[in-house]
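Structure file run_18.txt with compact mmCIF, C-alpha atoms and all ligand atoms:
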# COMPACT_ATOMS: atom_id res chain seq x y z
CA MET A 1 -75.66 -171.43 103.10
CA THR A 2 -77.75 -174.56 102.84
CA ILE A 3 -81.49 -174.38 103.33
CA ASN A 4 -81.03 -175.89 106.83
CA ASP A 5 -78.60 -173.14 107.81
CA LEU A 6 -80.89 -170.51 106.36
CA ILE A 7 -83.88 -171.73 108.34
CA LYS A 8 -81.81 -171.87 111.53
CA GLN A 9 -80.55 -168.30 110.97
CA LEU A 10 -84.09 -167.17 110.13
CA PHE A 11 -85.33 -168.46 113.50
CA ILE A 12 -82.46 -166.73 115.28
CA ALA A 13 -83.23 -163.44 113.51
CA PHE A 14 -86.90 -163.80 114.46
CA SER A 15 -86.15 -164.46 118.13
CA LYS A 16 -83.74 -161.51 118.23
CA LYS A 17 -86.40 -159.33 116.55
CA ASP A 18 -83.76 -158.49 113.93
CA ASP A 19 -86.08 -157.45 111.09
CA ASP A 20 -83.35 -156.65 108.61
CA SER A 21 -81.68 -160.06 108.89
CA PHE A 22 -85.04 -161.80 108.94
CA TYR A 23 -86.07 -160.29 105.61
CA GLU A 24 -82.65 -160.82 104.05
CA LEU A 25 -82.70 -164.50 105.01
CA ALA A 26 -86.29 -164.92 103.88
CA GLU A 27 -85.37 -163.35 100.52
CA GLU A 28 -82.44 -165.74 100.26
CA ILE A 29 -84.72 -168.73 100.85
CA ILE A 30 -87.07 -167.44 98.14
CA ASN A 31 -84.18 -167.02 95.72
CA LEU A 32 -82.94 -170.51 96.53
CA GLU A 33 -86.36 -171.91 95.67
CA LYS A 34 -86.39 -169.88 92.46
CA ARG A 35 -83.02 -171.31 91.47
CA LYS A 36 -84.44 -174.79 92.05
CA LYS A 37 -87.21 -173.74 89.63
CA HIS A 38 -89.82 -174.09 92.39
CA ASN A 39 -91.48 -171.01 91.00
CA ILE A 40 -94.91 -171.47 92.51
CA LEU A 41 -93.48 -172.05 95.98
CA ALA A 42 -91.20 -169.02 95.55
CA LYS A 43 -94.18 -166.88 94.58
CA GLU A 44 -96.25 -168.15 97.52
CA LEU A 45 -93.40 -167.50 99.94
CA LYS A 46 -93.01 -164.00 98.60
CA GLU A 47 -96.71 -163.32 98.99
CA ALA A 48 -96.66 -164.71 102.53
CA LEU A 49 -93.72 -162.48 103.36
CA TYR A 50 -94.94 -159.23 101.90
CA ASN A 51 -98.71 -159.29 101.70
CA SER A 52 -99.15 -158.73 105.41
CA ASP A 53 -100.60 -155.51 106.80
CA ASN A 54 -97.20 -154.66 108.18
CA PHE A 55 -95.51 -154.62 104.82
CA ASN A 56 -96.06 -150.99 103.92
CA VAL A 57 -94.74 -149.93 107.27
CA ARG A 58 -91.63 -151.96 106.70
CA THR A 59 -90.82 -150.74 103.22
CA LYS A 60 -89.78 -147.29 104.34
CA ARG A 61 -88.17 -146.25 107.53
CA ASN A 62 -86.65 -143.09 108.74
CA TYR A 63 -82.99 -143.77 108.91
CA ARG A 64 -81.19 -142.95 112.12
CA ILE A 65 -78.18 -140.78 111.43
CA ASN A 66 -75.55 -139.55 113.77
CA LYS A 67 -75.20 -136.03 112.48
CA PRO A 68 -77.58 -133.11 112.22
CA ILE A 69 -79.65 -132.73 109.08
CA PRO A 70 -78.69 -129.56 107.19
CA ARG A 71 -81.31 -126.83 107.28
CA ASP A 72 -82.12 -123.66 105.42
CA ASN A 73 -80.89 -120.74 107.53
CA ASP A 74 -83.85 -118.56 106.72
CA SER A 75 -86.81 -120.92 107.06
CA GLY A 76 -85.21 -123.59 109.25
CA PHE A 77 -86.61 -126.26 106.91
CA PRO A 78 -84.59 -129.44 106.49
CA LEU A 79 -82.77 -129.56 103.16
CA VAL A 80 -82.64 -133.33 102.96
CA ASP A 81 -84.71 -136.27 104.04
CA VAL A 82 -82.88 -139.50 104.79
CA LYS A 83 -84.81 -142.72 104.25
CA LYS A 84 -83.99 -146.36 104.18
CA TYR A 85 -86.04 -148.32 101.70
CA ASN A 86 -86.29 -152.04 102.23
CA TYR A 87 -87.67 -154.86 100.18
CA LEU A 88 -88.82 -152.86 97.22
CA ASP A 89 -88.88 -155.28 94.39
CA TRP A 90 -86.97 -154.98 91.12
CA GLU A 91 -89.77 -156.92 89.39
CA GLN A 92 -92.25 -154.15 90.22
CA LEU A 93 -90.32 -151.65 88.19
CA ILE A 94 -91.56 -151.96 84.63
CA LEU A 95 -89.28 -150.32 82.10
CA PRO A 96 -87.98 -151.21 78.64
CA GLU A 97 -85.18 -153.77 78.87
CA ASN A 98 -82.49 -151.34 77.78
CA ILE A 99 -83.35 -148.88 80.55
CA LYS A 100 -83.47 -151.61 83.17
CA TYR A 101 -80.11 -152.76 81.87
CA GLU A 102 -78.71 -149.28 82.40
CA LEU A 103 -80.05 -149.26 85.96
CA GLU A 104 -78.44 -152.64 86.57
CA GLN A 105 -75.15 -151.20 85.39
CA ILE A 106 -75.37 -148.63 88.20
CA ILE A 107 -75.59 -151.47 90.72
CA ASN A 108 -72.89 -153.58 89.07
CA GLY A 109 -70.55 -150.63 88.72
CA TYR A 110 -70.93 -149.70 92.34
CA ARG A 111 -70.33 -153.27 93.46
CA SER A 112 -67.19 -153.51 91.31
CA LYS A 113 -65.43 -150.65 93.05
CA GLU A 114 -62.49 -152.76 94.22
CA VAL A 115 -61.99 -154.59 90.93
CA LEU A 116 -62.16 -151.33 88.98
CA ALA A 117 -59.55 -149.86 91.30
CA THR A 118 -57.10 -152.56 90.22
CA TYR A 119 -57.47 -151.13 86.69
CA ASN A 120 -56.99 -147.66 88.06
CA LEU A 121 -60.63 -146.89 87.32
CA ALA A 122 -63.51 -145.69 89.46
CA PRO A 123 -67.17 -146.63 89.14
CA LYS A 124 -69.56 -144.19 87.50
CA LEU A 125 -71.31 -142.33 90.28
CA LYS A 126 -73.05 -139.31 88.74
CA TYR A 127 -76.29 -139.85 86.85
CA LEU A 128 -78.97 -137.72 85.30
CA PHE A 129 -82.46 -139.23 85.04
CA CYS A 130 -84.60 -137.44 82.52
CA GLY A 131 -88.17 -138.05 81.42
CA LEU A 132 -91.83 -137.10 81.53
CA PRO A 133 -93.69 -136.97 84.86
CA GLY A 134 -94.72 -140.33 86.28
CA THR A 135 -92.30 -142.43 84.23
CA GLY A 136 -90.52 -143.85 87.27
CA LYS A 137 -87.48 -141.66 87.87
CA THR A 138 -87.99 -141.20 91.62
CA TYR A 139 -89.37 -144.73 92.00
CA SER A 140 -86.28 -146.22 90.33
CA VAL A 141 -84.03 -144.44 92.80
CA LYS A 142 -86.03 -145.82 95.75
CA ILE A 143 -85.72 -149.30 94.28
CA LEU A 144 -81.97 -148.86 93.75
CA SER A 145 -81.67 -147.72 97.38
CA SER A 146 -83.47 -150.85 98.50
CA ILE A 147 -81.53 -153.28 96.32
CA MET A 148 -78.16 -151.73 97.06
CA ASN A 149 -78.95 -151.42 100.73
CA LEU A 150 -77.88 -147.78 100.69
CA PRO A 151 -79.85 -145.13 102.56
CA LEU A 152 -81.42 -142.54 100.31
CA VAL A 153 -80.65 -138.89 100.89
CA TYR A 154 -83.54 -137.15 99.20
CA VAL A 155 -82.86 -133.55 98.29
CA ASN A 156 -85.84 -131.58 97.15
CA PHE A 157 -84.30 -129.03 94.87
CA ASP A 158 -87.20 -126.70 95.41
CA ALA A 159 -86.43 -126.49 99.15
CA ILE A 160 -82.84 -125.64 98.33
CA ILE A 161 -83.79 -122.64 96.25
CA SER A 162 -87.02 -121.65 97.91
CA SER A 163 -85.77 -118.86 100.14
CA TYR A 164 -83.40 -116.18 98.93
CA LEU A 165 -81.58 -117.22 95.81
CA GLY A 166 -78.45 -115.92 97.51
CA GLU A 167 -78.82 -118.63 100.15
CA THR A 168 -78.88 -121.32 97.53
CA ALA A 169 -75.14 -121.74 97.18
CA SER A 170 -74.81 -122.03 100.91
CA ASN A 171 -77.63 -124.62 101.02
CA LEU A 172 -76.01 -126.65 98.29
CA ARG A 173 -72.69 -126.55 100.11
CA LYS A 174 -74.37 -127.80 103.28
CA VAL A 175 -75.87 -130.74 101.42
CA PHE A 176 -72.55 -131.70 99.81
CA GLU A 177 -70.85 -131.35 103.19
CA PHE A 178 -73.49 -133.62 104.72
CA ILE A 179 -73.04 -136.40 102.15
CA LYS A 180 -69.30 -136.25 101.79
CA ASP A 181 -68.10 -138.92 104.24
CA ASP A 182 -70.70 -141.66 103.94
CA ASN A 183 -72.07 -144.00 101.34
CA TRP A 184 -75.52 -142.98 100.18
CA ILE A 185 -77.69 -142.70 97.15
CA VAL A 186 -78.29 -138.99 96.87
CA LEU A 187 -81.26 -137.91 94.80
CA PHE A 188 -81.49 -134.30 93.74
CA ASP A 189 -85.11 -134.57 92.72
CA GLU A 190 -86.93 -132.27 90.34
CA VAL A 191 -83.92 -130.20 89.40
CA ASP A 192 -86.13 -128.68 86.73
CA ILE A 193 -84.71 -125.26 87.40
CA ILE A 194 -81.75 -126.34 85.30
CA GLY A 195 -83.87 -126.19 82.20
CA LYS A 196 -86.42 -123.61 83.23
CA ASN A 197 -86.63 -119.88 82.70
CA ARG A 198 -83.65 -119.75 80.44
CA ASP A 199 -85.32 -117.11 78.35
CA ASP A 200 -86.67 -115.16 81.26
CA GLN A 201 -84.61 -111.98 81.19
CA HIS A 202 -85.44 -111.04 84.74
CA GLU A 203 -84.51 -114.30 86.37
CA SER A 204 -82.01 -115.84 84.04
CA GLY A 205 -78.92 -114.32 85.70
CA GLU A 206 -79.76 -115.72 89.11
CA ILE A 207 -80.94 -119.03 87.74
CA LYS A 208 -77.76 -119.42 85.72
CA ARG A 209 -75.70 -118.85 88.84
CA VAL A 210 -77.65 -121.48 90.76
CA VAL A 211 -77.33 -123.97 87.93
CA ASN A 212 -73.62 -123.36 87.48
CA ASN A 213 -73.10 -123.64 91.18
CA PHE A 214 -74.89 -126.97 91.30
CA LEU A 215 -73.05 -128.35 88.29
CA GLN A 216 -69.75 -127.24 89.73
CA MET A 217 -70.44 -128.98 93.01
CA ILE A 218 -71.40 -132.14 91.13
CA ASP A 219 -68.14 -131.82 89.17
CA ASN A 220 -66.07 -131.37 92.29
CA TYR A 221 -67.70 -134.16 94.22
CA ASN A 222 -65.28 -137.00 94.67
CA GLY A 223 -66.92 -138.98 97.46
CA GLU A 224 -68.21 -142.54 97.24
CA SER A 225 -71.94 -141.97 97.09
CA ILE A 226 -74.08 -142.35 94.01
CA ILE A 227 -75.50 -139.01 92.96
CA ILE A 228 -78.61 -138.88 90.82
CA ALA A 229 -80.30 -135.73 89.55
CA ALA A 230 -83.82 -136.15 88.19
CA THR A 231 -85.81 -133.82 86.00
CA ASN A 232 -88.75 -133.89 83.67
CA HIS A 233 -87.64 -130.84 81.80
CA PRO A 234 -86.71 -131.40 78.15
CA HIS A 235 -84.29 -128.48 78.03
CA ILE A 236 -81.99 -130.55 80.13
CA LEU A 237 -80.98 -132.25 76.92
CA ASP A 238 -78.34 -129.61 76.59
CA PRO A 239 -74.92 -131.20 75.98
CA ALA A 240 -73.29 -128.68 78.31
CA ILE A 241 -75.29 -130.19 81.12
CA TRP A 242 -75.09 -133.81 80.00
CA ARG A 243 -71.33 -133.62 80.07
CA ARG A 244 -71.26 -133.17 83.82
CA PHE A 245 -72.81 -136.57 84.44
CA ASP A 246 -71.26 -140.00 83.90
CA GLU A 247 -74.49 -141.26 82.33
CA VAL A 248 -77.84 -139.84 81.27
CA ILE A 249 -80.80 -142.19 81.43
CA ILE A 250 -83.94 -141.21 79.55
CA PHE A 251 -87.25 -142.53 80.86
CA GLU A 252 -89.79 -142.75 78.07
CA LEU A 253 -93.51 -143.42 78.06
CA PRO A 254 -94.23 -147.16 78.19
CA ARG A 255 -94.74 -148.99 74.92
CA LYS A 256 -97.35 -151.69 74.39
CA LYS A 257 -95.31 -154.42 76.02
CA GLU A 258 -94.60 -152.39 79.15
CA ARG A 259 -98.16 -151.09 79.40
CA GLU A 260 -99.44 -154.64 79.49
CA LYS A 261 -97.05 -155.54 82.31
CA ILE A 262 -97.94 -152.40 84.27
CA ILE A 263 -101.68 -153.06 83.97
CA LYS A 264 -101.17 -156.64 85.15
CA LEU A 265 -98.97 -155.48 88.01
CA TYR A 266 -101.45 -152.99 89.36
CA LEU A 267 -104.46 -155.26 88.90
CA GLN A 268 -102.84 -158.27 90.52
CA THR A 269 -104.51 -157.71 93.88
CA ILE A 270 -108.01 -158.54 92.61
CA LYS A 271 -109.68 -161.38 90.74
CA LYS A 272 -110.70 -160.41 87.24
CA ASP A 273 -113.83 -161.23 85.30
CA LYS A 274 -113.23 -163.57 82.38
CA ASN A 275 -114.69 -161.00 79.97
CA ILE A 276 -111.86 -158.58 80.50
CA THR A 277 -109.65 -158.32 77.48
CA LEU A 278 -106.54 -156.54 78.62
CA ASP A 279 -105.48 -155.96 75.01
CA TYR A 280 -108.12 -153.29 74.65
CA PHE A 281 -106.83 -151.42 77.69
CA VAL A 282 -103.23 -151.82 76.63
CA LYS A 283 -104.16 -150.14 73.35
CA GLU A 284 -106.30 -147.42 74.91
CA THR A 285 -103.60 -146.39 77.39
CA GLU A 286 -101.16 -145.30 74.72
CA GLY A 287 -99.58 -142.03 75.88
CA PHE A 288 -100.22 -142.83 79.56
CA SER A 289 -97.30 -142.79 81.97
CA PRO A 290 -96.79 -145.77 84.32
CA SER A 291 -98.08 -143.56 87.10
CA ASP A 292 -101.24 -142.75 85.07
CA ILE A 293 -101.81 -146.46 84.44
CA LYS A 294 -101.32 -147.22 88.12
CA THR A 295 -103.91 -144.59 89.09
CA MET A 296 -106.35 -145.87 86.47
CA CYS A 297 -105.98 -149.47 87.68
CA GLN A 298 -106.33 -148.51 91.32
CA ASP A 299 -109.42 -146.46 90.49
CA ALA A 300 -110.95 -149.48 88.78
CA VAL A 301 -110.25 -151.71 91.79
CA ILE A 302 -111.70 -149.09 94.15
CA HIS A 303 -114.77 -148.79 91.93
CA SER A 304 -115.29 -152.52 92.11
CA VAL A 305 -114.74 -152.83 95.86
CA VAL A 306 -116.81 -149.84 96.98
CA ASN A 307 -119.69 -151.14 94.93
CA GLY A 308 -119.58 -154.40 96.81
CA ARG A 309 -117.83 -156.61 94.26
CA ASP A 310 -114.69 -158.67 94.80
CA VAL A 311 -114.24 -159.52 91.12
CA LEU A 312 -113.13 -156.73 88.82
CA SER A 313 -115.50 -156.28 85.89
CA LEU A 314 -115.03 -154.89 82.43
CA ASP A 315 -117.28 -151.99 83.45
CA ASP A 316 -114.99 -151.05 86.36
CA LEU A 317 -112.01 -150.80 84.05
CA ASP A 318 -113.95 -149.01 81.38
CA TYR A 319 -115.27 -146.54 83.94
CA SER A 320 -111.81 -145.66 85.23
CA LEU A 321 -110.31 -145.51 81.73
CA LYS A 322 -112.97 -143.05 80.53
CA LYS A 323 -112.62 -140.96 83.68
CA PHE A 324 -108.88 -140.85 83.32
CA LYS A 325 -108.98 -139.91 79.65
CA LEU A 326 -111.34 -137.06 80.46
CA ARG A 327 -108.97 -135.86 83.16
CA LEU A 328 -106.02 -135.94 80.77
CA LYS A 329 -108.06 -134.01 78.22
CA GLN A 330 -108.95 -131.37 80.81
CA GLN A 331 -105.27 -131.06 81.61
CA GLY A 332 -104.65 -130.50 77.92
CA LYS A 333 -102.66 -133.71 77.44
N1 LIG B 1 -91.82 -147.82 85.45
C1 LIG B 1 -92.70 -148.01 86.45
N2 LIG B 1 -93.08 -149.26 86.80
C2 LIG B 1 -93.98 -149.44 87.78
N3 LIG B 1 -94.54 -148.43 88.48
C3 LIG B 1 -94.20 -147.17 88.17
C4 LIG B 1 -93.25 -146.91 87.14
N4 LIG B 1 -93.09 -145.57 87.04
C5 LIG B 1 -93.89 -145.02 87.96
N5 LIG B 1 -94.56 -145.97 88.64
C6 LIG B 1 -95.53 -145.71 89.74
O1 LIG B 1 -95.90 -144.35 89.68
C7 LIG B 1 -95.48 -143.67 90.87
C8 LIG B 1 -94.95 -142.28 90.49
O2 LIG B 1 -93.75 -142.41 89.72
P1 LIG B 1 -92.45 -141.52 89.99
O3 LIG B 1 -92.67 -140.69 91.20
O4 LIG B 1 -91.26 -142.39 90.01
O5 LIG B 1 -92.43 -140.61 88.70
P2 LIG B 1 -91.33 -139.55 88.26
O6 LIG B 1 -90.76 -140.01 86.97
O7 LIG B 1 -90.38 -139.34 89.39
O8 LIG B 1 -92.24 -138.27 88.01
P3 LIG B 1 -91.93 -136.70 88.24
O9 LIG B 1 -91.15 -136.24 87.04
O10 LIG B 1 -93.29 -136.08 88.30
O11 LIG B 1 -91.18 -136.56 89.53
C9 LIG B 1 -94.42 -144.57 91.49
O12 LIG B 1 -94.38 -144.42 92.89
C10 LIG B 1 -94.88 -145.95 91.08
O13 LIG B 1 -95.86 -146.44 91.98
MG MG B 2 -90.04 -137.72 90.61
Mind turning this structure into structure tokens?
Amino acid sequence: MTINDLIKQLFIAFSKKDDDSFYELAEEIINLEKRKKHNILAKELKEALYNSDNFNVRTKRNYRINKPIPRDNDSGFPLVDVKKYNYLDWEQLILPENIKYELEQIINGYRSKEVLATYNLAPKLKYLFCGLPGTGKTYSVKILSSIMNLPLVYVNFDAIISSYLGETASNLRKVFEFIKDDNWIVLFDEVDIIGKNRDDQHESGEIKRVVNNFLQMIDNYNGESIIIAATNHPHILDPAIWRRFDEVIIFELPRKKEREKIIKLYLQTIKKDKNITLDYFVKETEGFSPSDIKTMCQDAVIHSVVNGRDVLSLDDLDYSLKKFKLRLKQQGK
């Protein structure tokens, strides 16, 4: 589409109150400007589009589905939560290039379904995301859901196994039954049970059954959704478990280069004092997860704002860094 067509369609989407088309068209205009190397304009357009008060409301919506959500028989709790993420930005996910490349391959593979079929091949659909807490496993899945325009079926593994262990197989079956006919990204989040309690004599029999059950259902799944299991448990690095997935992606703590980008990302909302040398903070945050860095940066911004300043000072950052380090120390990290 030419820019004229895009603007016309944008107006039509606006008058029809068609939010989805409006944002898609607006994104297309931004990308067009980027391709023309009008980077400043593209950035300004993006800010104008997303920095409104409404933005957070728009990024996540409950997704209307035309079948009942599966529930735990005993507690009645829903076993899945279906969400549609929109307009989450790939650029806001800061990971080493090789990991981002792997995530891109998930998207490319999925989009190449038809071409692969001509080679008698199917796209990879089963992934295991592994890594320390706060390294972006869940966040990456939300971003994939947004970019691929696929609703996210979020399965909290804890809810699946919370009641009687005996109910677990039935709960898992219900979830797989629920996802079987549609195209989703399905996230089995915090499947840490797979690696936990292996040496616990009392529990290990039950746990093993649950794990085997889950792995078997993953094995048998031959639908068209992308299935991702996420865990921060290191024991998962067991080849017997790896084998069941098409790919295993390991999320590591950010190195210097990523830490710098993450600090800049989460401090971008406020003007910064000229005295601030980010290098110092990049160095001092070694061992921090992206989530830790985000919290530290947000704390610094809050500290500045609540004390009546609209320019972030070195003291604000130093204050939040020290506080955060103390907290990590108290947690024994
Ligand atoms: N790589 C990243 N780049 C930018 N922001 C990140 C990144 N990783 C995490 N964050 C921020 O930290 C928040 C928490 O991260 P997330 O929930 O994805 O961690 P996780 O790896 O799933 O941790 P857990 O193992 O505890 O579930 C995210 O919502 C996001 O705001
Ligand atoms: Mg998570």
Six-sided padding of 4 Å per side, axis-aligned box over ligand LIG 1 (chain B), centre and edges in Å, one decimal, as lines of an AutoDock Vina configuration file:
center_x = -93.1
center_y = -142.8
center_z = 89.2
size_x = 13.5
size_y = 21.4
size_z = 15.4
>> Given all atoms listed in the file as the basis, pick out the residue of A:Phe251, A:Phe178, A:Phe14, A:Phe281 nearest to Lys264 (chain A).
In response: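 Selected residue with least distance to Lys264 (chain A): A:Phe281.
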>> Can you work out which residues are within 10 Å of ligand LIG 1 (chain B), considering all atoms listed in the file, and then hand them over as a PyMOL selection string?
In response: chain A and resi 90-96+99-100+129-143+189-192+230-233+251-254+258-259+261-263+265-266+289-295
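Comparing A:Phe245, A:Tyr280, A:Tyr154, A:Tyr87 by their smallest distance to ligand MG 2 (chain B), the closest is A:Tyr154 (using only C-alpha atoms and all ligand atoms).
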>> When you count only C-alpha atoms and all ligand atoms, which of these residues is closest to ligand MG 2 (chain B): A:Asn213, A:Ile226, A:Leu328, A:Phe188?
In response: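 Using only C-alpha atoms and all ligand atoms, ligand MG 2 (chain B) sits closest to A:Phe188.
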